[in-house]
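Coordinates as given in structure-v5.pdb (PDB, C-alpha atoms):
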ATOM      1  CA  GLN A  25       0.581 -37.990   4.575  1.00  0.00           C
ATOM      2  CA  VAL A  26       0.954 -34.566   6.134  1.00  0.00           C
ATOM      3  CA  GLN A  27      -0.947 -33.378   9.170  1.00  0.00           C
ATOM      4  CA  LEU A  28      -1.868 -29.700   9.402  1.00  0.00           C
ATOM      5  CA  VAL A  29      -2.815 -27.739  12.514  1.00  0.00           C
ATOM      6  CA  GLU A  30      -3.977 -24.135  12.286  1.00  0.00           C
ATOM      7  CA  SER A  31      -3.885 -21.495  15.014  1.00  0.00           C
ATOM      8  CA  GLY A  32      -4.143 -17.742  15.389  1.00  0.00           C
ATOM      9  CA  GLY A  33      -7.811 -17.171  14.756  1.00  0.00           C
ATOM     10  CA  GLY A  34      -9.822 -14.876  16.966  1.00  0.00           C
ATOM     11  CA  SER A  35     -12.140 -11.906  17.126  1.00  0.00           C
ATOM     12  CA  VAL A  36     -11.004  -8.436  16.128  1.00  0.00           C
ATOM     13  CA  GLN A  37     -12.615  -5.226  14.991  1.00  0.00           C
ATOM     14  CA  ALA A  38     -12.704  -4.128  11.382  1.00  0.00           C
ATOM     15  CA  GLY A  39      -9.417  -2.606  10.357  1.00  0.00           C
ATOM     16  CA  GLY A  40      -7.447  -4.840  12.670  1.00  0.00           C
ATOM     17  CA  SER A  41      -4.934  -7.587  11.950  1.00  0.00           C
ATOM     18  CA  LEU A  42      -4.448 -11.262  12.667  1.00  0.00           C
ATOM     19  CA  ARG A  43      -1.751 -13.742  11.773  1.00  0.00           C
ATOM     20  CA  LEU A  44      -2.724 -17.321  11.173  1.00  0.00           C
ATOM     21  CA  SER A  45      -0.219 -20.147  11.484  1.00  0.00           C
ATOM     22  CA  CYS A  46      -0.302 -23.687  10.174  1.00  0.00           C
ATOM     23  CA  VAL A  47       2.197 -26.244  11.402  1.00  0.00           C
ATOM     24  CA  ALA A  48       2.817 -29.219   9.160  1.00  0.00           C
ATOM     25  CA  SER A  49       3.963 -32.562  10.523  1.00  0.00           C
ATOM     26  CA  GLY A  50       4.606 -35.850   8.836  1.00  0.00           C
ATOM     27  CA  TYR A  51       5.669 -35.819   5.208  1.00  0.00           C
ATOM     28  CA  LEU A  52       5.407 -32.396   3.553  1.00  0.00           C
ATOM     29  CA  ASP A  53       6.318 -32.517  -0.133  1.00  0.00           C
ATOM     30  CA  ARG A  54       8.676 -29.578  -0.622  1.00  0.00           C
ATOM     31  CA  GLY A  55       7.895 -29.701  -4.308  1.00  0.00           C
ATOM     32  CA  GLY A  56       4.234 -29.136  -3.627  1.00  0.00           C
ATOM     33  CA  CYS A  57       2.077 -26.228  -2.572  1.00  0.00           C
ATOM     34  CA  MET A  58       0.191 -24.974   0.441  1.00  0.00           C
ATOM     35  CA  GLY A  59      -2.699 -22.619   0.800  1.00  0.00           C
ATOM     36  CA  TRP A  60      -5.301 -20.958   2.925  1.00  0.00           C
ATOM     37  CA  PHE A  61      -8.999 -21.384   2.292  1.00  0.00           C
ATOM     38  CA  ARG A  62     -12.029 -20.061   4.112  1.00  0.00           C
ATOM     39  CA  GLN A  63     -15.671 -20.897   4.490  1.00  0.00           C
ATOM     40  CA  ALA A  64     -18.334 -18.651   5.938  1.00  0.00           C
ATOM     41  CA  PRO A  65     -21.676 -20.055   7.128  1.00  0.00           C
ATOM     42  CA  GLY A  66     -23.963 -20.826   4.226  1.00  0.00           C
ATOM     43  CA  LEU A  67     -21.269 -20.202   1.636  1.00  0.00           C
ATOM     44  CA  GLU A  68     -18.943 -22.414  -0.334  1.00  0.00           C
ATOM     45  CA  ARG A  69     -15.329 -22.775   0.615  1.00  0.00           C
ATOM     46  CA  GLU A  70     -13.092 -20.362  -1.277  1.00  0.00           C
ATOM     47  CA  GLY A  71      -9.391 -20.121  -1.876  1.00  0.00           C
ATOM     48  CA  VAL A  72      -7.686 -17.194  -0.192  1.00  0.00           C
ATOM     49  CA  ALA A  73      -4.006 -17.579  -1.018  1.00  0.00           C
ATOM     50  CA  ALA A  74      -1.449 -20.180  -1.991  1.00  0.00           C
ATOM     51  CA  ILE A  75       2.298 -20.606  -2.181  1.00  0.00           C
ATOM     52  CA  TYR A  76       4.332 -23.053  -4.219  1.00  0.00           C
ATOM     53  CA  ILE A  77       6.850 -24.323  -1.716  1.00  0.00           C
ATOM     54  CA  GLY A  78       9.899 -24.730  -3.909  1.00  0.00           C
ATOM     55  CA  SER A  79       9.653 -21.519  -5.926  1.00  0.00           C
ATOM     56  CA  GLY A  80       7.950 -19.322  -3.365  1.00  0.00           C
ATOM     57  CA  ILE A  81       5.495 -18.104  -5.998  1.00  0.00           C
ATOM     58  CA  THR A  82       2.312 -16.840  -4.396  1.00  0.00           C
ATOM     59  CA  TYR A  83      -1.268 -16.409  -5.533  1.00  0.00           C
ATOM     60  CA  TYR A  84      -4.093 -14.433  -3.981  1.00  0.00           C
ATOM     61  CA  ASP A  85      -7.800 -14.153  -4.400  1.00  0.00           C
ATOM     62  CA  ASP A  86      -8.792 -10.694  -5.610  1.00  0.00           C
ATOM     63  CA  SER A  87     -10.765 -10.095  -2.421  1.00  0.00           C
ATOM     64  CA  VAL A  88      -7.624 -10.215  -0.254  1.00  0.00           C
ATOM     65  CA  ARG A  89      -4.837  -9.057  -2.555  1.00  0.00           C
ATOM     66  CA  GLY A  90      -2.962  -6.169  -0.977  1.00  0.00           C
ATOM     67  CA  ARG A  91      -4.311  -6.934   2.490  1.00  0.00           C
ATOM     68  CA  PHE A  92      -3.204 -10.527   3.134  1.00  0.00           C
ATOM     69  CA  THR A  93       0.264 -12.023   2.815  1.00  0.00           C
ATOM     70  CA  ILE A  94       1.053 -15.716   2.674  1.00  0.00           C
ATOM     71  CA  SER A  95       4.506 -16.869   3.703  1.00  0.00           C
ATOM     72  CA  GLN A  96       6.348 -19.986   4.784  1.00  0.00           C
ATOM     73  CA  ASP A  97       9.135 -20.985   7.139  1.00  0.00           C
ATOM     74  CA  PHE A  98      10.908 -24.066   5.830  1.00  0.00           C
ATOM     75  CA  ALA A  99      12.816 -24.719   9.029  1.00  0.00           C
ATOM     76  CA  GLU A 100       9.665 -24.731  11.129  1.00  0.00           C
ATOM     77  CA  SER A 101       7.434 -26.351   8.472  1.00  0.00           C
ATOM     78  CA  THR A 102       5.008 -23.551   9.125  1.00  0.00           C
ATOM     79  CA  LEU A 103       2.721 -21.621   6.837  1.00  0.00           C
ATOM     80  CA  TYR A 104       1.516 -18.148   7.760  1.00  0.00           C
ATOM     81  CA  LEU A 105      -1.235 -15.823   6.660  1.00  0.00           C
ATOM     82  CA  GLN A 106      -0.821 -12.222   7.744  1.00  0.00           C
ATOM     83  CA  MET A 107      -4.185 -10.524   7.486  1.00  0.00           C
ATOM     84  CA  ASN A 108      -4.373  -6.737   7.663  1.00  0.00           C
ATOM     85  CA  SER A 109      -7.177  -4.236   7.173  1.00  0.00           C
ATOM     86  CA  LEU A 110      -9.673  -6.904   8.072  1.00  0.00           C
ATOM     87  CA  LYS A 111     -13.298  -6.513   7.050  1.00  0.00           C
ATOM     88  CA  PRO A 112     -16.461  -8.123   8.427  1.00  0.00           C
ATOM     89  CA  GLU A 113     -16.732 -10.105   5.193  1.00  0.00           C
ATOM     90  CA  ASP A 114     -13.427 -11.790   6.034  1.00  0.00           C
ATOM     91  CA  SER A 115     -15.169 -13.602   8.887  1.00  0.00           C
ATOM     92  CA  ALA A 116     -15.010 -17.337   8.281  1.00  0.00           C
ATOM     93  CA  MET A 117     -13.417 -20.588   9.305  1.00  0.00           C
ATOM     94  CA  TYR A 118      -9.938 -20.564   7.813  1.00  0.00           C
ATOM     95  CA  TYR A 119      -8.355 -23.817   6.695  1.00  0.00           C
ATOM     96  CA  CYS A 120      -4.774 -24.681   5.847  1.00  0.00           C
ATOM     97  CA  ALA A 121      -4.226 -27.108   3.010  1.00  0.00           C
ATOM     98  CA  ALA A 122      -1.320 -28.789   1.287  1.00  0.00           C
ATOM     99  CA  GLY A 123      -0.753 -30.607  -1.962  1.00  0.00           C
ATOM    100  CA  THR A 124       1.997 -32.850  -3.208  1.00  0.00           C
ATOM    101  CA  ALA A 125       4.074 -31.972  -6.226  1.00  0.00           C
ATOM    102  CA  ARG A 126       1.834 -34.226  -8.284  1.00  0.00           C
ATOM    103  CA  ASP A 127      -1.278 -32.531  -6.899  1.00  0.00           C
ATOM    104  CA  CYS A 128       0.028 -29.030  -7.469  1.00  0.00           C
ATOM    105  CA  THR A 129       0.968 -29.550 -11.080  1.00  0.00           C
ATOM    106  CA  SER A 130      -2.355 -31.122 -11.967  1.00  0.00           C
ATOM    107  CA  GLY A 131      -4.497 -27.988 -12.002  1.00  0.00           C
ATOM    108  CA  PRO A 132      -5.250 -24.596 -10.462  1.00  0.00           C
ATOM    109  CA  TRP A 133      -4.192 -24.207  -6.832  1.00  0.00           C
ATOM    110  CA  ARG A 134      -7.771 -23.787  -5.684  1.00  0.00           C
ATOM    111  CA  ASP A 135      -8.633 -27.302  -6.876  1.00  0.00           C
ATOM    112  CA  VAL A 136      -5.627 -29.494  -6.069  1.00  0.00           C
ATOM    113  CA  MET A 137      -5.015 -29.574  -2.315  1.00  0.00           C
ATOM    114  CA  GLY A 138      -5.100 -33.058  -0.879  1.00  0.00           C
ATOM    115  CA  SER A 139      -4.549 -32.546   2.848  1.00  0.00           C
ATOM    116  CA  TRP A 140      -6.535 -30.272   5.131  1.00  0.00           C
ATOM    117  CA  GLY A 141      -6.424 -28.974   8.671  1.00  0.00           C
ATOM    118  CA  LYS A 142      -9.451 -28.642  10.926  1.00  0.00           C
ATOM    119  CA  GLY A 143      -9.606 -24.868  10.743  1.00  0.00           C
ATOM    120  CA  THR A 144      -9.362 -21.792  12.925  1.00  0.00           C
ATOM    121  CA  LEU A 145     -12.211 -19.307  13.326  1.00  0.00           C
ATOM    122  CA  VAL A 146     -11.840 -15.647  12.392  1.00  0.00           C
ATOM    123  CA  THR A 147     -14.546 -13.188  13.396  1.00  0.00           C
ATOM    124  CA  ILE A 148     -14.419  -9.539  12.391  1.00  0.00           C
ATOM    125  CA  SER A 149     -16.812  -7.093  13.974  1.00  0.00           C
ATOM    126  CA  SER A 150     -17.834  -3.785  12.426  1.00  0.00           C
TER     127      SER A 150
END

Would you mind writing the file's structure down as structure tokens?
Amino acid sequence: QVQLVESGGGSVQAGGSLRLSCVASGYLDRGGCMGWFRQAPGLEREGVAAIYIGSGITYYDDSVRGRFTISQDFAESTLYLQMNSLKPEDSAMYYCAAGTARDCTSGPWRDVMGSWGKGTLVTISS
């Protein structure tokens, strides 16, 4: 089982940037995938971006493509989300998630993550 701890959230003005980090401890399946999800009050959780650890292939939700970049550091077992050109509608609790190789080959990345962090809050003011 992998444990995930997010950091880097905060409050910034629209147009600003933040970088979220997620440190993984325990067993992280390097054949699996990791991703960032977010949930705003009153809304369902949505997938933001994902990366398949072995190949480095990335996926983005249309709402963030071109503004957000997901990346990983194998040596530090850390996942990042660089968020630029932030908008008020990006405000949400952001969660890091991970899936095993079995998880990540069983369906779309948005639906397969098995381990979750507790989240970090991002607030964007207009």

Spatial neighbours of Gly34 of chain A, max dist 7 Å, all atoms listed in the file, sep filter under 4 positions, as an MDAnalysis selection string:
chainID A and resid 145:147

Can you turn the PyMOL selection byres ((chain A and resi 38-42) around 7) into a concrete residue list for this file, as a list in words?
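This file, filtered by the PyMOL selection byres ((chain A and resi 38-42) around 7), leaves Val36, Gln37, Arg43, Leu44, Gln106, Met107, Asn108, Ser109, Leu110, Lys111, Pro112, Ile148, Ser149 and Ser150 of chain A.
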
Write the residues of the preceding selection, restricted to C-alpha atoms, as a CSV table (one decimal), in the coordinates of the input.
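As a result, selection_5.csv now contains:
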chain,number,residue,atom,x,y,z
A,36,VAL,CA,-11.0,-8.4,16.1
A,37,GLN,CA,-12.6,-5.2,15.0
A,43,ARG,CA,-1.8,-13.7,11.8
A,44,LEU,CA,-2.7,-17.3,11.2
A,106,GLN,CA,-0.8,-12.2,7.7
A,107,MET,CA,-4.2,-10.5,7.5
A,108,ASN,CA,-4.4,-6.7,7.7
A,109,SER,CA,-7.2,-4.2,7.2
A,110,LEU,CA,-9.7,-6.9,8.1
A,111,LYS,CA,-13.3,-6.5,7.0
A,112,PRO,CA,-16.5,-8.1,8.4
A,148,ILE,CA,-14.4,-9.5,12.4
A,149,SER,CA,-16.8,-7.1,14.0
A,150,SER,CA,-17.8,-3.8,12.4

Grab the atom CA of Asp97 of chain A to atom CA of Ala48 of chain A distance for me, in Å with one decimal place.
10.6 Å

Please evaluate the PyMOL selection byres ((chain A and resi 88) around 10) against the structure above and give the resulting residues as a PDB file with C-alpha atoms, keeping the file's coordinate frame.
ATOM      1  CA  VAL A  72      -7.686 -17.194  -0.192  1.00  0.00           C
ATOM      2  CA  ALA A  73      -4.006 -17.579  -1.018  1.00  0.00           C
ATOM      3  CA  TYR A  84      -4.093 -14.433  -3.981  1.00  0.00           C
ATOM      4  CA  ASP A  85      -7.800 -14.153  -4.400  1.00  0.00           C
ATOM      5  CA  ASP A  86      -8.792 -10.694  -5.610  1.00  0.00           C
ATOM      6  CA  SER A  87     -10.765 -10.095  -2.421  1.00  0.00           C
ATOM      7  CA  ARG A  89      -4.837  -9.057  -2.555  1.00  0.00           C
ATOM      8  CA  GLY A  90      -2.962  -6.169  -0.977  1.00  0.00           C
ATOM      9  CA  ARG A  91      -4.311  -6.934   2.490  1.00  0.00           C
ATOM     10  CA  PHE A  92      -3.204 -10.527   3.134  1.00  0.00           C
ATOM     11  CA  THR A  93       0.264 -12.023   2.815  1.00  0.00           C
ATOM     12  CA  MET A 107      -4.185 -10.524   7.486  1.00  0.00           C
ATOM     13  CA  ASN A 108      -4.373  -6.737   7.663  1.00  0.00           C
ATOM     14  CA  SER A 109      -7.177  -4.236   7.173  1.00  0.00           C
ATOM     15  CA  LEU A 110      -9.673  -6.904   8.072  1.00  0.00           C
ATOM     16  CA  LYS A 111     -13.298  -6.513   7.050  1.00  0.00           C
ATOM     17  CA  ASP A 114     -13.427 -11.790   6.034  1.00  0.00           C
TER      18      ASP A 114
END

For segment 35-128 of chain A versus segment 139-143 of chain A, which residues have an atom no more than 7 Å away, and what is each residue's nearest atom pair and distance in Å rounded to one decimal, using all atoms listed in the file, chain-then-number order, as a tab-separated table?
residue	atom	partner	partner_atom	distance
A:Met117	CA	A:Gly143	CA	5.9
A:Tyr118	CA	A:Gly143	CA	5.2
A:Tyr119	CA	A:Gly143	CA	4.4
A:Cys120	CA	A:Gly141	CA	5.4
A:Ala121	CA	A:Trp140	CA	4.5
A:Ala122	CA	A:Ser139	CA	5.2
A:Gly123	CA	A:Ser139	CA	6.4

Restricted to C-alpha atoms, what would the selected residues look like written as a PDB file, in the frame of the given file?
ATOM      1  CA  MET A 117     -13.417 -20.588   9.305  1.00  0.00           C
ATOM      2  CA  TYR A 118      -9.938 -20.564   7.813  1.00  0.00           C
ATOM      3  CA  TYR A 119      -8.355 -23.817   6.695  1.00  0.00           C
ATOM      4  CA  CYS A 120      -4.774 -24.681   5.847  1.00  0.00           C
ATOM      5  CA  ALA A 121      -4.226 -27.108   3.010  1.00  0.00           C
ATOM      6  CA  ALA A 122      -1.320 -28.789   1.287  1.00  0.00           C
ATOM      7  CA  GLY A 123      -0.753 -30.607  -1.962  1.00  0.00           C
TER       8      GLY A 123
END

Distance criterion (all atoms listed in the file): nearest to Arg54 of chain A out of A:Gly131, A:Gly138, A:Leu105, A:Tyr76
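Residue with the minimum atom-to-atom distance to Arg54 of chain A: A:Tyr76.
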
Show me the residues close to (12.2, -33.1, -3.5) - anything with an atom within 12 Å, counting all atoms listed in the file - and format the list as number ranges by chain.
A: 51-56, 77-78, 124-126

To test your reading of the syntax: which residues would the PyMOL selection byres ((chain A and resi 70) around 9) return for the file shown? Reply as a ChimeraX atom specification.
/A:60-63,67-69,71-72,85,134

Next, the residues of the selection above should be written as a PDB file, in the coordinates of the input with C-alpha atoms.
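Wrote out-v5.pdb, looks like this:
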ATOM      1  CA  TRP A  60      -5.301 -20.958   2.925  1.00  0.00           C
ATOM      2  CA  PHE A  61      -8.999 -21.384   2.292  1.00  0.00           C
ATOM      3  CA  ARG A  62     -12.029 -20.061   4.112  1.00  0.00           C
ATOM      4  CA  GLN A  63     -15.671 -20.897   4.490  1.00  0.00           C
ATOM      5  CA  LEU A  67     -21.269 -20.202   1.636  1.00  0.00           C
ATOM      6  CA  GLU A  68     -18.943 -22.414  -0.334  1.00  0.00           C
ATOM      7  CA  ARG A  69     -15.329 -22.775   0.615  1.00  0.00           C
ATOM      8  CA  GLY A  71      -9.391 -20.121  -1.876  1.00  0.00           C
ATOM      9  CA  VAL A  72      -7.686 -17.194  -0.192  1.00  0.00           C
ATOM     10  CA  ASP A  85      -7.800 -14.153  -4.400  1.00  0.00           C
ATOM     11  CA  ARG A 134      -7.771 -23.787  -5.684  1.00  0.00           C
TER      12      ARG A 134
END

Pairwise distance for atom CA of Ser130 of chain A and atom CA of Gly59 of chain A, rounded to one decimal in Å:
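Atom CA of Gly59 of chain A lies 15.3 Å from atom CA of Ser130 of chain A.
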
Report the distance between atom CA of Cys128 of chain A and atom CA of Cys57 of chain A in Å, rounded to one decimal place.
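Atom CA of Cys128 of chain A sits 6.0 Å away from atom CA of Cys57 of chain A.
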
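Shortest atom-to-atom contact with Leu103 of chain A among A:Ile75, A:Val136, A:Ile81, A:Ala116: A:Ile75, counting only C-alpha atoms.
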
Nearest residue to Asp127 of chain A out of A:Ala64, A:Leu28, A:Met58, A:Glu113, using all atoms listed in the file?
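Result for the nearest residue to Asp127 of chain A: A:Met58.
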
Build an axis-aligned box that encloses every atom of segment 74-89 of chain A listed in the file, pad it by 6 Å on each side, and report its centre and edge lengths in Å to one decimal, as JSON.
{"center_x": -0.4, "center_y": -16.9, "center_z": -3.1, "size_x": 32.7, "size_y": 27.7, "size_z": 17.7}

Rank nothing, just name the residue among A:Gly33, A:Glu100, A:Ala74, A:Thr82 nearest to Met137 of chain A, using all atoms listed in the file.
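Nearest candidate to Met137 of chain A out of A:Gly33, A:Glu100, A:Ala74, A:Thr82: A:Ala74.
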
Where atoms are lacking, segment 97-111 of chain A completed to N, CA, C and O atoms, as a PDB file, in the frame of the given file:
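Printed below is result27.pdb as written:
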ATOM      1  N   ASP A  97       7.871 -20.820   6.432  1.00  0.00           N
ATOM      2  CA  ASP A  97       9.135 -20.985   7.139  1.00  0.00           C
ATOM      3  C   ASP A  97       9.525 -22.443   6.975  1.00  0.00           C
ATOM      4  O   ASP A  97       8.957 -23.321   7.622  1.00  0.00           O
ATOM      5  N   PHE A  98      10.493 -22.693   6.092  1.00  0.00           N
ATOM      6  CA  PHE A  98      10.908 -24.066   5.830  1.00  0.00           C
ATOM      7  C   PHE A  98      11.372 -24.770   7.095  1.00  0.00           C
ATOM      8  O   PHE A  98      11.006 -25.906   7.347  1.00  0.00           O
ATOM      9  N   ALA A  99      12.203 -24.086   7.857  1.00  0.00           N
ATOM     10  CA  ALA A  99      12.816 -24.719   9.029  1.00  0.00           C
ATOM     11  C   ALA A  99      11.767 -25.179  10.021  1.00  0.00           C
ATOM     12  O   ALA A  99      11.927 -26.222  10.674  1.00  0.00           O
ATOM     13  N   GLU A 100      10.703 -24.402  10.155  1.00  0.00           N
ATOM     14  CA  GLU A 100       9.665 -24.731  11.129  1.00  0.00           C
ATOM     15  C   GLU A 100       8.485 -25.462  10.510  1.00  0.00           C
ATOM     16  O   GLU A 100       7.519 -25.756  11.208  1.00  0.00           O
ATOM     17  N   SER A 101       8.556 -25.714   9.191  1.00  0.00           N
ATOM     18  CA  SER A 101       7.434 -26.351   8.472  1.00  0.00           C
ATOM     19  C   SER A 101       6.126 -25.653   8.792  1.00  0.00           C
ATOM     20  O   SER A 101       5.105 -26.286   9.104  1.00  0.00           O
ATOM     21  N   THR A 102       6.168 -24.351   8.746  1.00  0.00           N
ATOM     22  CA  THR A 102       5.008 -23.551   9.125  1.00  0.00           C
ATOM     23  C   THR A 102       4.602 -22.609   7.994  1.00  0.00           C
ATOM     24  O   THR A 102       5.451 -21.986   7.365  1.00  0.00           O
ATOM     25  N   LEU A 103       3.314 -22.533   7.806  1.00  0.00           N
ATOM     26  CA  LEU A 103       2.721 -21.621   6.837  1.00  0.00           C
ATOM     27  C   LEU A 103       2.024 -20.507   7.607  1.00  0.00           C
ATOM     28  O   LEU A 103       1.404 -20.777   8.642  1.00  0.00           O
ATOM     29  N   TYR A 104       2.140 -19.289   7.100  1.00  0.00           N
ATOM     30  CA  TYR A 104       1.516 -18.148   7.760  1.00  0.00           C
ATOM     31  C   TYR A 104       0.558 -17.431   6.808  1.00  0.00           C
ATOM     32  O   TYR A 104       0.718 -17.477   5.588  1.00  0.00           O
ATOM     33  N   LEU A 105      -0.396 -16.747   7.416  1.00  0.00           N
ATOM     34  CA  LEU A 105      -1.235 -15.823   6.660  1.00  0.00           C
ATOM     35  C   LEU A 105      -1.374 -14.565   7.506  1.00  0.00           C
ATOM     36  O   LEU A 105      -2.054 -14.579   8.539  1.00  0.00           O
ATOM     37  N   GLN A 106      -0.694 -13.517   7.086  1.00  0.00           N
ATOM     38  CA  GLN A 106      -0.821 -12.222   7.744  1.00  0.00           C
ATOM     39  C   GLN A 106      -2.010 -11.509   7.129  1.00  0.00           C
ATOM     40  O   GLN A 106      -2.047 -11.286   5.915  1.00  0.00           O
ATOM     41  N   MET A 107      -2.958 -11.150   7.961  1.00  0.00           N
ATOM     42  CA  MET A 107      -4.185 -10.524   7.486  1.00  0.00           C
ATOM     43  C   MET A 107      -4.290  -9.131   8.090  1.00  0.00           C
ATOM     44  O   MET A 107      -4.391  -8.977   9.309  1.00  0.00           O
ATOM     45  N   ASN A 108      -4.266  -8.130   7.245  1.00  0.00           N
ATOM     46  CA  ASN A 108      -4.373  -6.737   7.663  1.00  0.00           C
ATOM     47  C   ASN A 108      -5.630  -6.102   7.097  1.00  0.00           C
ATOM     48  O   ASN A 108      -6.239  -6.641   6.162  1.00  0.00           O
ATOM     49  N   SER A 109      -5.997  -4.975   7.656  1.00  0.00           N
ATOM     50  CA  SER A 109      -7.177  -4.236   7.173  1.00  0.00           C
ATOM     51  C   SER A 109      -8.384  -5.155   7.063  1.00  0.00           C
ATOM     52  O   SER A 109      -9.084  -5.177   6.039  1.00  0.00           O
ATOM     53  N   LEU A 110      -8.614  -5.903   8.100  1.00  0.00           N
ATOM     54  CA  LEU A 110      -9.673  -6.904   8.072  1.00  0.00           C
ATOM     55  C   LEU A 110     -11.055  -6.263   7.970  1.00  0.00           C
ATOM     56  O   LEU A 110     -11.299  -5.174   8.509  1.00  0.00           O
ATOM     57  N   LYS A 111     -11.933  -6.965   7.275  1.00  0.00           N
ATOM     58  CA  LYS A 111     -13.298  -6.513   7.050  1.00  0.00           C
ATOM     59  C   LYS A 111     -14.271  -7.552   7.610  1.00  0.00           C
ATOM     60  O   LYS A 111     -13.932  -8.732   7.701  1.00  0.00           O
TER      61      LYS A 111
END
